[in-house]
file upload-v4.cif (mmCIF, C-alpha atoms)
data_my_file
#
loop_
_atom_site.label_atom_id
_atom_site.label_comp_id
_atom_site.auth_asym_id
_atom_site.auth_seq_id
_atom_site.Cartn_x
_atom_site.Cartn_y
_atom_site.Cartn_z
CA MET A 1 -103.23 14.55 0.41
CA ASP A 2 -103.06 16.97 -2.48
CA THR A 3 -102.32 14.66 -5.43
CA GLU A 4 -103.16 17.33 -7.98
CA LEU A 5 -100.39 19.54 -6.67
CA MET A 6 -97.98 16.62 -6.56
CA LEU A 7 -98.69 15.79 -10.21
CA LYS A 8 -98.10 19.41 -11.11
CA VAL A 9 -94.72 19.78 -9.43
CA TYR A 10 -93.21 16.30 -9.81
CA PRO A 11 -91.31 17.13 -13.05
CA PHE A 12 -89.26 19.66 -11.06
CA PHE A 13 -88.47 16.99 -8.50
CA LEU A 14 -87.36 14.60 -11.24
CA GLN A 15 -85.05 17.23 -12.63
CA ALA A 16 -83.68 17.91 -9.14
CA ALA A 17 -83.16 14.17 -8.61
CA GLY A 18 -81.01 14.23 -11.74
CA LEU A 19 -78.80 16.83 -10.13
CA THR A 20 -78.67 14.82 -6.90
CA ILE A 21 -77.45 11.83 -8.93
CA VAL A 22 -74.80 13.92 -10.73
CA LEU A 23 -73.67 15.35 -7.39
CA SER A 24 -73.51 11.88 -5.85
CA VAL A 25 -71.47 10.44 -8.71
CA LEU A 26 -68.94 13.30 -8.76
CA THR A 27 -68.69 13.33 -4.96
CA ALA A 28 -68.18 9.57 -4.88
CA LEU A 29 -65.40 9.77 -7.49
CA LEU A 30 -63.60 12.58 -5.66
CA GLY A 31 -64.19 10.74 -2.37
CA LEU A 32 -62.58 7.59 -3.74
CA VAL A 33 -59.51 9.52 -4.90
CA CYS A 34 -59.16 11.32 -1.55
CA GLY A 35 -59.89 8.10 0.30
CA ALA A 36 -57.22 6.16 -1.59
CA LEU A 37 -54.68 8.94 -0.99
CA GLY A 38 -55.65 9.18 2.67
CA ALA A 39 -55.37 5.42 3.18
CA ALA A 40 -52.02 5.33 1.37
CA ALA A 41 -50.74 8.16 3.57
CA ARG A 42 -51.89 6.44 6.76
CA LEU A 43 -50.15 3.20 5.72
CA SER A 44 -47.00 4.95 4.56
CA ARG A 45 -43.50 4.24 5.85
CA PHE A 46 -42.97 7.95 6.44
CA VAL A 47 -44.01 9.49 9.72
CA ILE A 48 -44.95 12.82 8.13
CA LEU A 49 -47.30 11.19 5.65
CA ARG A 50 -48.82 9.03 8.37
CA PHE A 51 -49.39 12.13 10.49
CA LEU A 52 -50.94 14.06 7.59
CA GLY A 53 -53.21 11.13 6.75
CA ALA A 54 -54.32 10.76 10.37
CA ALA A 55 -54.91 14.52 10.68
CA TYR A 56 -57.01 14.56 7.49
CA VAL A 57 -59.20 11.70 8.70
CA SER A 58 -59.53 13.05 12.22
CA VAL A 59 -60.34 16.66 11.30
CA PHE A 60 -62.76 15.92 8.48
CA ARG A 61 -64.56 13.20 10.42
CA GLY A 62 -64.48 15.24 13.61
CA THR A 63 -66.31 18.33 12.38
CA PRO A 64 -69.72 18.70 10.70
CA ALA A 65 -69.74 18.41 6.91
CA LEU A 66 -72.06 21.42 6.81
CA ILE A 67 -69.40 23.62 8.46
CA GLN A 68 -66.73 22.31 6.09
CA LEU A 69 -68.99 23.23 3.20
CA PHE A 70 -69.55 26.73 4.61
CA ILE A 71 -65.83 27.32 5.16
CA LEU A 72 -65.13 26.39 1.56
CA TYR A 73 -68.04 28.21 -0.06
CA PHE A 74 -68.36 31.36 2.09
CA GLY A 75 -64.82 31.52 3.47
CA GLY A 76 -63.01 30.43 0.32
CA PRO A 77 -63.07 33.86 -1.39
CA GLN A 78 -61.13 35.31 1.59
CA ILE A 79 -58.20 33.04 0.79
CA GLY A 80 -58.54 33.37 -2.97
CA ILE A 81 -60.72 30.32 -3.69
CA GLN A 82 -63.73 31.38 -5.77
CA LEU A 83 -66.12 28.50 -6.39
CA ASP A 84 -69.74 28.43 -7.46
CA ALA A 85 -72.15 26.57 -5.20
CA PHE A 86 -72.10 23.38 -7.27
CA GLN A 87 -68.30 23.21 -7.40
CA ALA A 88 -68.03 23.95 -3.69
CA GLY A 89 -70.62 21.25 -3.02
CA VAL A 90 -68.77 18.58 -4.97
CA ILE A 91 -65.35 19.47 -3.54
CA GLY A 92 -66.59 19.95 0.03
CA LEU A 93 -68.64 16.76 0.13
CA GLY A 94 -66.01 14.79 -1.81
CA VAL A 95 -63.15 15.68 0.52
CA ASN A 96 -65.41 14.93 3.50
CA ALA A 97 -66.50 11.55 2.10
CA GLY A 98 -62.84 10.80 1.34
CA ALA A 99 -62.00 10.90 5.06
CA TYR A 100 -64.57 8.19 5.74
CA MET A 101 -63.55 6.16 2.70
CA ALA A 102 -59.88 6.37 3.71
CA GLU A 103 -60.72 4.42 6.87
CA THR A 104 -62.73 1.87 4.89
CA ILE A 105 -59.93 1.34 2.38
CA ARG A 106 -57.27 1.18 5.09
CA GLY A 107 -59.38 -1.31 7.03
CA ALA A 108 -59.68 -3.58 3.99
CA ILE A 109 -55.95 -3.44 3.28
CA ILE A 110 -55.09 -4.25 6.90
CA ALA A 111 -57.59 -7.11 6.87
CA VAL A 112 -55.57 -8.92 4.19
CA ASP A 113 -53.40 -11.44 5.98
CA ARG A 114 -49.80 -10.29 6.58
CA GLY A 115 -48.60 -13.67 5.37
CA GLN A 116 -49.69 -12.65 1.87
CA THR A 117 -47.24 -9.75 1.79
CA GLU A 118 -44.51 -11.84 3.37
CA ALA A 119 -45.00 -14.66 0.89
CA ALA A 120 -44.96 -12.21 -2.03
CA ARG A 121 -41.78 -10.56 -0.74
CA THR A 122 -40.17 -13.99 -0.29
CA LEU A 123 -40.98 -14.79 -3.91
CA GLY A 124 -38.96 -11.73 -4.91
CA LEU A 125 -41.68 -9.11 -5.46
CA SER A 126 -40.83 -5.58 -4.39
CA ARG A 127 -42.90 -3.79 -1.73
CA TRP A 128 -44.91 -2.00 -4.41
CA GLN A 129 -45.38 -5.11 -6.52
CA ALA A 130 -46.57 -7.07 -3.50
CA MET A 131 -49.05 -4.29 -2.70
CA ALA A 132 -50.29 -3.83 -6.27
CA ARG A 133 -50.47 -7.47 -7.35
CA VAL A 134 -51.18 -9.40 -4.18
CA VAL A 135 -52.65 -7.27 -1.41
CA LEU A 136 -54.78 -4.71 -3.28
CA PRO A 137 -56.67 -7.23 -5.44
CA GLN A 138 -57.70 -9.08 -2.30
CA ALA A 139 -58.45 -5.88 -0.36
CA ALA A 140 -60.59 -4.57 -3.23
CA ARG A 141 -62.97 -7.50 -2.72
CA LEU A 142 -63.25 -6.77 0.99
CA MET A 143 -63.97 -3.07 0.54
CA VAL A 144 -66.95 -3.26 -1.83
CA ARG A 145 -69.57 -3.70 0.86
CA PRO A 146 -68.26 -1.11 3.37
CA LEU A 147 -67.68 1.38 0.54
CA GLY A 148 -71.32 0.74 -0.34
CA VAL A 149 -72.24 1.95 3.16
CA ASN A 150 -70.09 5.06 2.60
CA LEU A 151 -71.91 5.61 -0.70
CA ASN A 152 -75.29 5.33 0.97
CA MET A 153 -74.29 7.99 3.53
CA LEU A 154 -72.81 10.17 0.83
CA ILE A 155 -76.00 10.19 -1.24
CA LYS A 156 -77.95 11.39 1.80
CA ALA A 157 -75.22 13.91 2.61
CA THR A 158 -75.67 15.58 -0.79
CA ALA A 159 -78.79 17.14 0.77
CA LEU A 160 -76.45 19.50 2.65
CA VAL A 161 -75.73 21.53 -0.47
CA ALA A 162 -79.33 22.72 -0.23
CA ALA A 163 -77.91 25.05 2.44
CA ILE A 164 -75.76 26.75 -0.20
CA SER A 165 -78.68 26.89 -2.67
CA VAL A 166 -77.79 24.14 -5.10
CA VAL A 167 -81.13 23.18 -6.65
CA GLU A 168 -81.05 19.47 -5.85
CA LEU A 169 -83.83 17.38 -4.32
CA THR A 170 -83.83 18.72 -0.77
CA TYR A 171 -83.57 22.35 -1.88
CA THR A 172 -86.46 21.79 -4.30
CA ALA A 173 -88.55 20.19 -1.56
CA GLN A 174 -87.70 23.01 0.84
CA ARG A 175 -88.68 25.64 -1.71
CA TYR A 176 -92.01 24.00 -2.52
CA ILE A 177 -92.75 23.49 1.17
CA GLY A 178 -92.24 27.22 1.58
CA SER A 179 -94.45 28.19 -1.34
CA THR A 180 -97.24 25.60 -1.04
CA TYR A 181 -97.33 24.85 2.73
CA LYS A 182 -97.65 21.15 1.91
CA PRO A 183 -94.68 19.65 3.76
CA PHE A 184 -95.95 16.09 3.73
CA GLU A 185 -96.62 15.96 -0.02
CA MET A 186 -93.26 17.50 -0.86
CA PHE A 187 -91.47 15.16 1.55
CA LEU A 188 -93.20 12.23 -0.11
CA LEU A 189 -92.06 13.30 -3.60
CA ALA A 190 -88.45 13.90 -2.58
CA GLY A 191 -88.37 10.92 -0.22
CA VAL A 192 -89.53 8.44 -2.85
CA LEU A 193 -86.86 9.69 -5.25
CA TYR A 194 -84.10 9.49 -2.60
CA MET A 195 -85.16 5.98 -1.66
CA ALA A 196 -85.24 4.96 -5.31
CA ILE A 197 -81.69 6.26 -5.81
CA ILE A 198 -80.49 4.56 -2.64
CA TYR A 199 -82.28 1.31 -3.46
CA VAL A 200 -80.81 1.09 -6.95
CA THR A 201 -77.32 1.95 -5.66
CA GLY A 202 -77.65 -0.63 -2.91
CA ARG A 203 -78.63 -3.31 -5.42
CA GLY A 204 -75.70 -2.31 -7.61
CA VAL A 205 -73.28 -2.62 -4.69
CA ALA A 206 -74.74 -6.01 -3.72
CA TRP A 207 -74.38 -7.20 -7.31
CA LEU A 208 -70.77 -6.03 -7.48
CA ASP A 209 -70.05 -7.63 -4.11
CA ARG A 210 -71.39 -10.99 -5.37
CA ARG A 211 -69.39 -10.67 -8.58
CA VAL A 212 -66.05 -10.06 -6.90
CA ARG A 213 -66.61 -12.77 -4.32
CA ILE A 214 -66.58 -15.50 -7.00
CA HIS A 215 -62.97 -16.26 -7.74
CA MET B 1 -59.86 40.52 2.13
CA GLY B 2 -57.20 38.83 4.23
CA LEU B 3 -57.69 36.77 7.34
CA ASP B 4 -57.88 38.32 10.76
CA PHE B 5 -58.43 35.93 13.61
CA SER B 6 -57.93 38.60 16.26
CA ILE B 7 -61.60 39.49 15.82
CA VAL B 8 -62.76 36.07 17.04
CA PRO B 9 -62.29 36.59 20.83
CA LYS B 10 -64.56 39.64 20.69
CA TYR B 11 -67.51 37.44 19.78
CA LEU B 12 -66.51 34.50 21.95
CA ASP B 13 -69.52 34.92 24.23
CA ILE B 14 -71.96 34.42 21.34
CA LEU B 15 -70.04 31.38 20.13
CA LEU B 16 -69.88 29.87 23.62
CA LEU B 17 -73.62 30.32 24.01
CA GLY B 18 -73.91 28.46 20.72
CA VAL B 19 -71.70 25.71 22.12
CA ALA B 20 -74.02 25.41 25.12
CA TRP B 21 -77.07 25.03 22.86
CA THR B 22 -75.24 22.51 20.68
CA VAL B 23 -74.36 20.43 23.74
CA GLY B 24 -77.94 20.82 25.01
CA ILE B 25 -79.62 19.70 21.82
CA THR B 26 -77.13 16.86 21.40
CA LEU B 27 -77.90 15.60 24.92
CA ALA B 28 -81.67 15.97 24.49
CA ALA B 29 -81.64 14.22 21.13
CA ALA B 30 -79.24 11.54 22.38
CA LEU B 31 -81.54 10.73 25.30
CA LEU B 32 -84.56 10.59 23.00
CA SER B 33 -82.69 8.44 20.47
CA PHE B 34 -81.61 6.01 23.20
CA VAL B 35 -85.04 5.58 24.80
CA GLY B 36 -86.72 5.63 21.39
CA GLY B 37 -84.21 3.14 20.04
CA ILE B 38 -85.05 0.63 22.80
CA LEU B 39 -88.81 1.11 22.33
CA PHE B 40 -88.56 0.83 18.55
CA ALA B 41 -86.44 -2.30 18.82
CA LEU B 42 -88.95 -3.94 21.16
CA VAL B 43 -91.85 -3.05 18.86
CA ALA B 44 -89.98 -4.31 15.80
CA LEU B 45 -89.10 -7.60 17.47
CA TYR B 46 -92.05 -8.38 19.73
CA GLY B 47 -94.83 -5.99 18.75
CA PRO B 48 -98.09 -7.20 17.20
CA TRP B 49 -98.05 -7.56 13.42
CA LEU B 50 -100.31 -4.54 12.92
CA LEU B 51 -97.79 -2.35 14.71
CA ARG B 52 -94.69 -3.99 13.30
CA GLN B 53 -95.40 -3.49 9.62
CA PRO B 54 -96.06 0.26 9.52
CA PHE B 55 -93.16 0.60 11.89
CA ARG B 56 -90.86 -1.18 9.49
CA LEU B 57 -91.97 1.20 6.73
CA VAL B 58 -91.28 4.26 8.88
CA SER B 59 -87.79 3.13 9.83
CA TRP B 60 -87.08 2.28 6.20
CA VAL B 61 -88.10 5.81 5.19
CA PHE B 62 -86.00 7.35 7.96
CA MET B 63 -82.92 5.43 6.89
CA GLY B 64 -83.45 6.08 3.20
CA THR B 65 -83.85 9.85 3.23
CA PRO B 66 -81.58 12.70 4.31
CA LEU B 67 -81.87 14.07 7.83
CA LEU B 68 -82.19 17.61 6.49
CA LEU B 69 -85.31 16.65 4.56
CA GLN B 70 -86.75 14.96 7.66
CA LEU B 71 -86.13 18.09 9.70
CA PHE B 72 -88.08 20.17 7.18
CA LEU B 73 -90.93 17.65 7.31
CA ILE B 74 -91.08 17.59 11.10
CA TYR B 75 -90.72 21.33 11.59
CA PHE B 76 -93.14 22.47 8.90
CA GLY B 77 -95.35 19.40 9.09
CA LEU B 78 -96.08 19.96 12.77
CA VAL B 79 -96.91 23.59 12.05
CA GLN B 80 -99.30 22.47 9.32
CA ILE B 81 -101.27 20.23 11.66
CA GLY B 82 -101.45 23.07 14.16
CA ILE B 83 -98.61 22.12 16.52
CA ASP B 84 -96.26 25.08 16.71
CA LEU B 85 -93.25 23.79 18.62
CA PRO B 86 -90.20 25.92 19.41
CA ALA B 87 -87.37 25.20 16.99
CA PHE B 88 -85.29 23.63 19.75
CA VAL B 89 -87.99 21.07 20.54
CA ALA B 90 -88.70 20.32 16.88
CA GLY B 91 -84.97 19.97 16.24
CA SER B 92 -84.48 17.63 19.21
CA ILE B 93 -87.41 15.50 18.08
CA GLY B 94 -86.15 15.35 14.49
CA LEU B 95 -82.58 14.50 15.44
CA GLY B 96 -83.72 12.13 18.18
CA LEU B 97 -86.12 10.19 15.97
CA HIS B 98 -83.60 9.93 13.15
CA PHE B 99 -80.97 8.42 15.41
CA ALA B 100 -83.54 6.34 17.33
CA VAL B 101 -84.12 4.44 14.10
CA TYR B 102 -80.40 3.78 13.68
CA ASN B 103 -80.02 2.84 17.36
CA SER B 104 -83.02 0.55 17.07
CA GLU B 105 -81.27 -1.44 14.33
CA LEU B 106 -78.25 -1.93 16.58
CA ILE B 107 -80.36 -2.85 19.60
CA GLN B 108 -82.46 -5.34 17.61
CA ALA B 109 -79.31 -7.11 16.48
CA ALA B 110 -77.98 -7.12 20.04
CA ILE B 111 -81.22 -8.47 21.52
CA LEU B 112 -81.23 -11.27 18.98
CA ALA B 113 -77.60 -11.97 19.88
CA VAL B 114 -78.39 -12.47 23.60
CA ASP B 115 -78.44 -16.20 24.20
CA ARG B 116 -81.91 -17.76 24.04
CA GLY B 117 -81.07 -19.63 27.22
CA GLN B 118 -81.20 -16.32 29.14
CA MET B 119 -84.86 -15.83 28.25
CA GLU B 120 -85.66 -19.48 28.92
CA ALA B 121 -83.92 -19.43 32.28
CA ALA B 122 -85.74 -16.23 33.28
CA ARG B 123 -89.09 -17.71 32.26
CA THR B 124 -88.31 -20.90 34.19
CA LEU B 125 -87.62 -18.82 37.26
CA GLY B 126 -91.14 -17.49 36.99
CA LEU B 127 -90.59 -14.11 35.30
CA SER B 128 -93.19 -13.06 32.78
CA ARG B 129 -92.12 -12.43 29.18
CA GLY B 130 -92.16 -8.68 29.76
CA GLN B 131 -90.20 -8.98 32.99
CA ALA B 132 -87.66 -11.29 31.39
CA LEU B 133 -87.16 -8.81 28.57
CA ARG B 134 -86.94 -5.82 30.85
CA LYS B 135 -84.77 -7.31 33.57
CA VAL B 136 -82.66 -9.90 31.80
CA VAL B 137 -82.44 -9.60 28.02
CA VAL B 138 -82.52 -5.84 27.38
CA PRO B 139 -79.85 -4.93 29.99
CA GLN B 140 -77.43 -7.39 28.42
CA ALA B 141 -78.22 -6.21 24.92
CA VAL B 142 -77.84 -2.55 25.86
CA ARG B 143 -74.40 -3.24 27.28
CA ALA B 144 -73.32 -4.87 24.03
CA VAL B 145 -74.48 -1.94 21.90
CA ILE B 146 -72.93 0.88 23.92
CA PRO B 147 -69.79 1.15 21.75
CA PRO B 148 -71.61 1.37 18.39
CA ILE B 149 -74.27 3.65 19.91
CA GLY B 150 -71.42 5.88 21.07
CA ASN B 151 -70.38 6.22 17.44
CA ASN B 152 -73.95 7.17 16.55
CA MET B 153 -73.94 9.85 19.25
CA ILE B 154 -70.77 11.37 17.82
CA ALA B 155 -72.48 11.39 14.42
CA LEU B 156 -75.46 13.03 16.13
CA LEU B 157 -73.27 15.85 17.46
CA LYS B 158 -72.06 16.61 13.95
CA ASP B 159 -75.55 16.35 12.47
CA SER B 160 -76.85 18.75 15.12
CA ALA B 161 -75.35 21.48 12.89
CA LEU B 162 -78.31 20.83 10.55
CA VAL B 163 -80.87 22.18 13.00
CA SER B 164 -79.43 25.63 12.28
CA VAL B 165 -81.54 25.62 9.10
CA ILE B 166 -84.77 25.44 11.11
CA GLY B 167 -83.59 28.27 13.33
CA VAL B 168 -82.12 26.66 16.45
CA SER B 169 -79.49 29.08 17.76
CA GLU B 170 -76.80 26.46 18.22
CA LEU B 171 -73.15 26.81 17.30
CA THR B 172 -73.58 26.91 13.51
CA LEU B 173 -76.34 29.50 13.57
CA SER B 174 -74.44 31.54 16.17
CA ALA B 175 -71.44 31.59 13.85
CA GLN B 176 -73.74 32.65 11.01
CA ARG B 177 -75.13 35.49 13.09
CA VAL B 178 -71.66 36.76 13.95
CA ILE B 179 -70.67 36.50 10.28
CA GLY B 180 -73.73 38.57 9.42
CA LYS B 181 -72.23 41.37 11.52
CA THR B 182 -68.54 40.98 10.73
CA TYR B 183 -68.52 39.56 7.16
CA ARG B 184 -65.73 37.19 8.18
CA PRO B 185 -67.04 33.72 7.25
CA PHE B 186 -63.68 31.96 7.10
CA GLU B 187 -62.60 32.96 10.61
CA PHE B 188 -65.87 32.22 12.36
CA TYR B 189 -66.79 29.00 10.58
CA LEU B 190 -63.27 27.79 11.33
CA ALA B 191 -63.76 28.78 14.98
CA ALA B 192 -67.06 26.88 15.01
CA ALA B 193 -65.32 23.85 13.47
CA ALA B 194 -62.69 24.02 16.22
CA PHE B 195 -65.40 24.00 18.90
CA TYR B 196 -67.12 21.03 17.28
CA TYR B 197 -63.81 19.23 17.11
CA VAL B 198 -63.17 19.80 20.82
CA ILE B 199 -66.67 18.61 21.79
CA ASN B 200 -66.09 15.61 19.56
CA LEU B 201 -62.81 14.79 21.33
CA CYS B 202 -64.55 15.08 24.71
CA MET B 203 -67.25 12.66 23.56
CA GLU B 204 -64.65 10.20 22.32
CA TRP B 205 -62.92 10.43 25.69
CA VAL B 206 -66.18 9.73 27.55
CA GLN B 207 -66.91 6.88 25.16
CA ARG B 208 -63.53 5.28 25.88
CA LYS B 209 -64.14 5.62 29.65
CA ILE B 210 -67.55 3.97 29.42
CA GLU B 211 -66.25 1.19 27.20
CA ARG B 212 -63.43 0.48 29.63
CA ARG B 213 -65.87 0.34 32.52
CA ILE B 214 -68.22 -2.14 30.84
CA SER B 215 -65.39 -4.32 29.64
CA VAL B 216 -64.07 -4.55 33.23
CA SER B 217 -67.39 -5.56 34.72
CA ARG B 218 -67.89 -8.27 32.15
#

call {"tool": "encode", "arguments": {"input": "upload-v4.cif", "output": "structure tokens"}}
result
Amino acid sequence: MDTELMLKVYPFFLQAAGLTIVLSVLTALLGLVCGALGAAARLSRFVILRFLGAAYVSVFRGTPALIQLFILYFGGPQIGIQLDAFQAGVIGLGVNAGAYMAETIRGAIIAVDRGQTEAARTLGLSRWQAMARVVLPQAARLMVRPLGVNLNMLIKATALVAAISVVELTYTAQRYIGSTYKPFEMFLLAGVLYMAIIYVTGRGVAWLDRRVRIH
Amino acid sequence: MGLDFSIVPKYLDILLLGVAWTVGITLAAALLSFVGGILFALVALYGPWLLRQPFRLVSWVFMGTPLLLQLFLIYFGLVQIGIDLPAFVAGSIGLGLHFAVYNSELIQAAILAVDRGQMEAARTLGLSRGQALRKVVVPQAVRAVIPPIGNNMIALLKDSALVSVIGVSELTLSAQRVIGKTYRPFEFYLAAAAFYYVINLCMEWVQRKIERRISVSR
């Protein structure tokens, strides 16, 4: 193993890991927004919204994220959407992650006992009040852990933007593999950083899960 | 530049060839991930300590890093140690190993969930430990994990798009090649997405059939 080379290039990997973290955070935020909207649409009283929500989830979960990214980044200019690679990466991955999160959020809301809504309505709360004050606070507790799984997948999925030349961890590893012919060393550098990010995030999710479980 | 989908049928043959390769690599990798998943699960549960520990490390690494990075490692790493595999083989191995690790987790949980009494009864009837595992415990566990493994296989289909970056001429790379000639990325990536979506629907249909069959025979 070429440790000398690894010591020489690791600052570039650290910098790239920073970008991977920024990408992950922005993607997760956009994913949560899209996921909440998607779940709300799928649980809506209106058939059209339910259909749109179901179509969003089905199409974005039913096709590869890489293709979605390519349509947005390479195909976007044809329909008047000009984005740089970073913007396309965040939007493409965020909307994709949102489709998965929508199912997680919907699942948590459905898992809250129906009796809770009925009791709240009986006590005179409106549909919205019952949702906002009774169901959602309980559902939020249930969704921390599965959203953590979504987050884990999303962090790994940020590697896809390497294919549109965003200089994050995987792109950096790919470039150094090409220039140094040391695939194992470069994999080790990038891999350790990915696992560190995923480990810390996982611990954070576990901590949050414990926190919200104590009433 | 506006959209013009009328150009798509002209290149349908290239795209369909891509579909065939996508289905091929998905099947090859799925088979590898299924067999590998069972082997990995058995090693993780019953293997000797010396085998179990490094194995645990490897599966931890596979689950903690992106598939794309693993594909680069496998493709270029094998070249570095003098094994120059065709991209299709390297891609199948990369995809297959990645999902074998995920399948192994499911199978381990399922094996542990098979009642202990099954193993004890098999041993009492004179089967060796290996026979009891092979003929009694593993078949029951495999049946229990078919639905979640089906979900993994659908994920595998979508992730098969990643092998385009190491040069496997599957659907994504075929679309890229056509775009290189026509400069119409929107139309052809959308066409590729439609093909993926249809394959996906077919897989979901097969999955439902299989699930219905195993739930009947239970």

call {"tool": "interface_residues", "arguments": {"input": "upload-v4.cif", "of": "chain B", "to": "chain A", "cutoff": "6 Å", "atoms": "all atoms listed in the file", "output": "PyMOL selection string"}}
result
chain B and resi 1-2+64-66+69+73+77+158+185-186+189+193+196-197

call {"tool": "closest_residue", "arguments": {"input": "upload-v4.cif", "among": "B:Glu204, B:Asp159, B:Glu105, B:Asp84", "to": "Met63 (chain B)", "atoms": "all atoms listed in the file"}}
result
B:Glu105

call {"tool": "atom_distance", "arguments": {"input": "upload-v4.cif", "atom1": "CA of Pro139 (chain B)", "atom2": "CA of Ala29 (chain B)"}}
result
21.2 Å

call {"tool": "resolve_selection", "arguments": {"input": "upload-v4.cif", "expression": "the PyMOL selection byres ((chain A and resi 134) around 12)", "output": "NGL selection string"}}
result
:A and (109 or 112-121 or 123 or 125-133 or 135-140)

call {"tool": "resolve_selection", "arguments": {"input": "upload-v4.cif", "expression": "the PyMOL selection byres ((chain A and resi 210-213) around 12)", "output": "MDAnalysis selection string"}}
result
chainID A and resid 137:145 203:209 214:215

call {"tool": "atom_distance", "arguments": {"input": "upload-v4.cif", "atom1": "CA of Val145 (chain B)", "atom2": "CA of Ile111 (chain B)"}}
result
9.4 Å

call {"tool": "atom_distance", "arguments": {"input": "upload-v4.cif", "atom1": "CA of Glu170 (chain B)", "atom2": "CA of Leu85 (chain B)"}}
result
16.7 Å

call {"tool": "resolve_selection", "arguments": {"input": "upload-v4.cif", "expression": "the PyMOL selection byres ((chain B and resi 188) around 12)", "output": "number ranges by chain"}}
result
A: 67-68, 70-71, 74-75; B: 3-12, 14-15, 171-187, 189-195

call {"tool": "closest_residue", "arguments": {"input": "upload-v4.cif", "among": "B:Phe99, B:Tyr75, B:Phe34, B:Trp205", "to": "Leu157 (chain B)", "atoms": "all atoms listed in the file"}}
result
B:Phe99

call {"tool": "residues_near_point", "arguments": {"input": "upload-v4.cif", "point": "(-86.7, 27.5, 12.1)", "cutoff": "9 Å", "atoms": "all atoms listed in the file", "output": "mmCIF file with C-alpha atoms, keeping the file's coordinate frame"}}
result
data_model
loop_
_atom_site.group_PDB
_atom_site.id
_atom_site.type_symbol
_atom_site.label_atom_id
_atom_site.label_comp_id
_atom_site.auth_asym_id
_atom_site.auth_seq_id
_atom_site.Cartn_x
_atom_site.Cartn_y
_atom_site.Cartn_z
ATOM 1 C CA PHE B 72 -88.080 20.170 7.180
ATOM 2 C CA TYR B 75 -90.720 21.330 11.590
ATOM 3 C CA PHE B 76 -93.140 22.470 8.900
ATOM 4 C CA PRO B 86 -90.200 25.920 19.410
ATOM 5 C CA ALA B 87 -87.370 25.200 16.990
ATOM 6 C CA PHE B 88 -85.290 23.630 19.750
ATOM 7 C CA ALA B 90 -88.700 20.320 16.880
ATOM 8 C CA GLY B 91 -84.970 19.970 16.240
ATOM 9 C CA VAL B 163 -80.870 22.180 13.000
ATOM 10 C CA SER B 164 -79.430 25.630 12.280
ATOM 11 C CA VAL B 165 -81.540 25.620 9.100
ATOM 12 C CA ILE B 166 -84.770 25.440 11.110
ATOM 13 C CA GLY B 167 -83.590 28.270 13.330
ATOM 14 C CA VAL B 168 -82.120 26.660 16.450
#

call {"tool": "axis_aligned_box", "arguments": {"input": "upload-v4.cif", "around": "region 120-131 of chain B", "padding_each_side": "8 Å", "output": "lines of an AutoDock Vina configuration file"}}
result
center_x = -88.6
center_y = -14.8
center_z = 33.1
size_x = 25.3
size_y = 28.2
size_z = 24.3

call {"tool": "closest_residue", "arguments": {"input": "upload-v4.cif", "among": "B:Leu17, B:Ala44, B:Ile74, B:Pro148", "to": "Val89 (chain B)", "atoms": "all atoms listed in the file"}}
result
B:Ile74

call {"tool": "residues_around", "arguments": {"input": "upload-v4.cif", "residues": "Arg213 (chain B)", "least_positions_apart": "6", "cutoff": "12 Å", "atoms": "all atoms listed in the file", "output": "PyMOL selection string"}}
result
chain B and resi 143+146-147+206-207

call {"tool": "write_last_selection", "arguments": {"input": "upload-v4.cif", "atoms": "C-alpha atoms", "output": "mmCIF file, keeping the file's coordinate frame"}}
result
data_model
loop_
_atom_site.group_PDB
_atom_site.id
_atom_site.type_symbol
_atom_site.label_atom_id
_atom_site.label_comp_id
_atom_site.auth_asym_id
_atom_site.auth_seq_id
_atom_site.Cartn_x
_atom_site.Cartn_y
_atom_site.Cartn_z
ATOM 1 C CA ARG B 143 -74.400 -3.240 27.280
ATOM 2 C CA ILE B 146 -72.930 0.880 23.920
ATOM 3 C CA PRO B 147 -69.790 1.150 21.750
ATOM 4 C CA VAL B 206 -66.180 9.730 27.550
ATOM 5 C CA GLN B 207 -66.910 6.880 25.160
#

call {"tool": "residues_around", "arguments": {"input": "upload-v4.cif", "residues": "Gln15 (chain A)", "least_positions_apart": "3", "cutoff": "10 Å", "atoms": "all atoms listed in the file", "output": "PyMOL selection string"}}
result
chain A and resi 10-12+18-20+167-169+172

call {"tool": "residues_around", "arguments": {"input": "upload-v4.cif", "residues": "Val33 (chain A)", "least_positions_apart": "5", "cutoff": "12 Å", "atoms": "only C-alpha atoms", "output": "ChimeraX atom specification"}}
result
/A:26-28,38-40,91,94-102,105

call {"tool": "decode", "arguments": {"input": "upload-v4.cif", "residues": "region 39-50 of chain A", "atoms": "C-alpha atoms", "output": "mmCIF file, in the first residue's frame"}}
result
data_model
loop_
_atom_site.group_PDB
_atom_site.id
_atom_site.type_symbol
_atom_site.label_atom_id
_atom_site.label_comp_id
_atom_site.auth_asym_id
_atom_site.auth_seq_id
_atom_site.Cartn_x
_atom_site.Cartn_y
_atom_site.Cartn_z
ATOM 1 C CA ALA A 39 -47.191 12.342 1.568
ATOM 2 C CA ALA A 40 -49.761 15.123 2.003
ATOM 3 C CA ALA A 41 -50.874 14.676 -1.607
ATOM 4 C CA ARG A 42 -51.197 10.912 -1.230
ATOM 5 C CA LEU A 43 -53.311 11.342 1.921
ATOM 6 C CA SER A 44 -55.422 14.123 0.452
ATOM 7 C CA ARG A 45 -59.210 14.076 0.159
ATOM 8 C CA PHE A 46 -58.931 15.042 -3.501
ATOM 9 C CA VAL A 47 -58.564 12.355 -6.124
ATOM 10 C CA ILE A 48 -56.379 14.518 -8.363
ATOM 11 C CA LEU A 49 -53.888 15.217 -5.594
ATOM 12 C CA ARG A 50 -53.852 11.559 -4.590
#
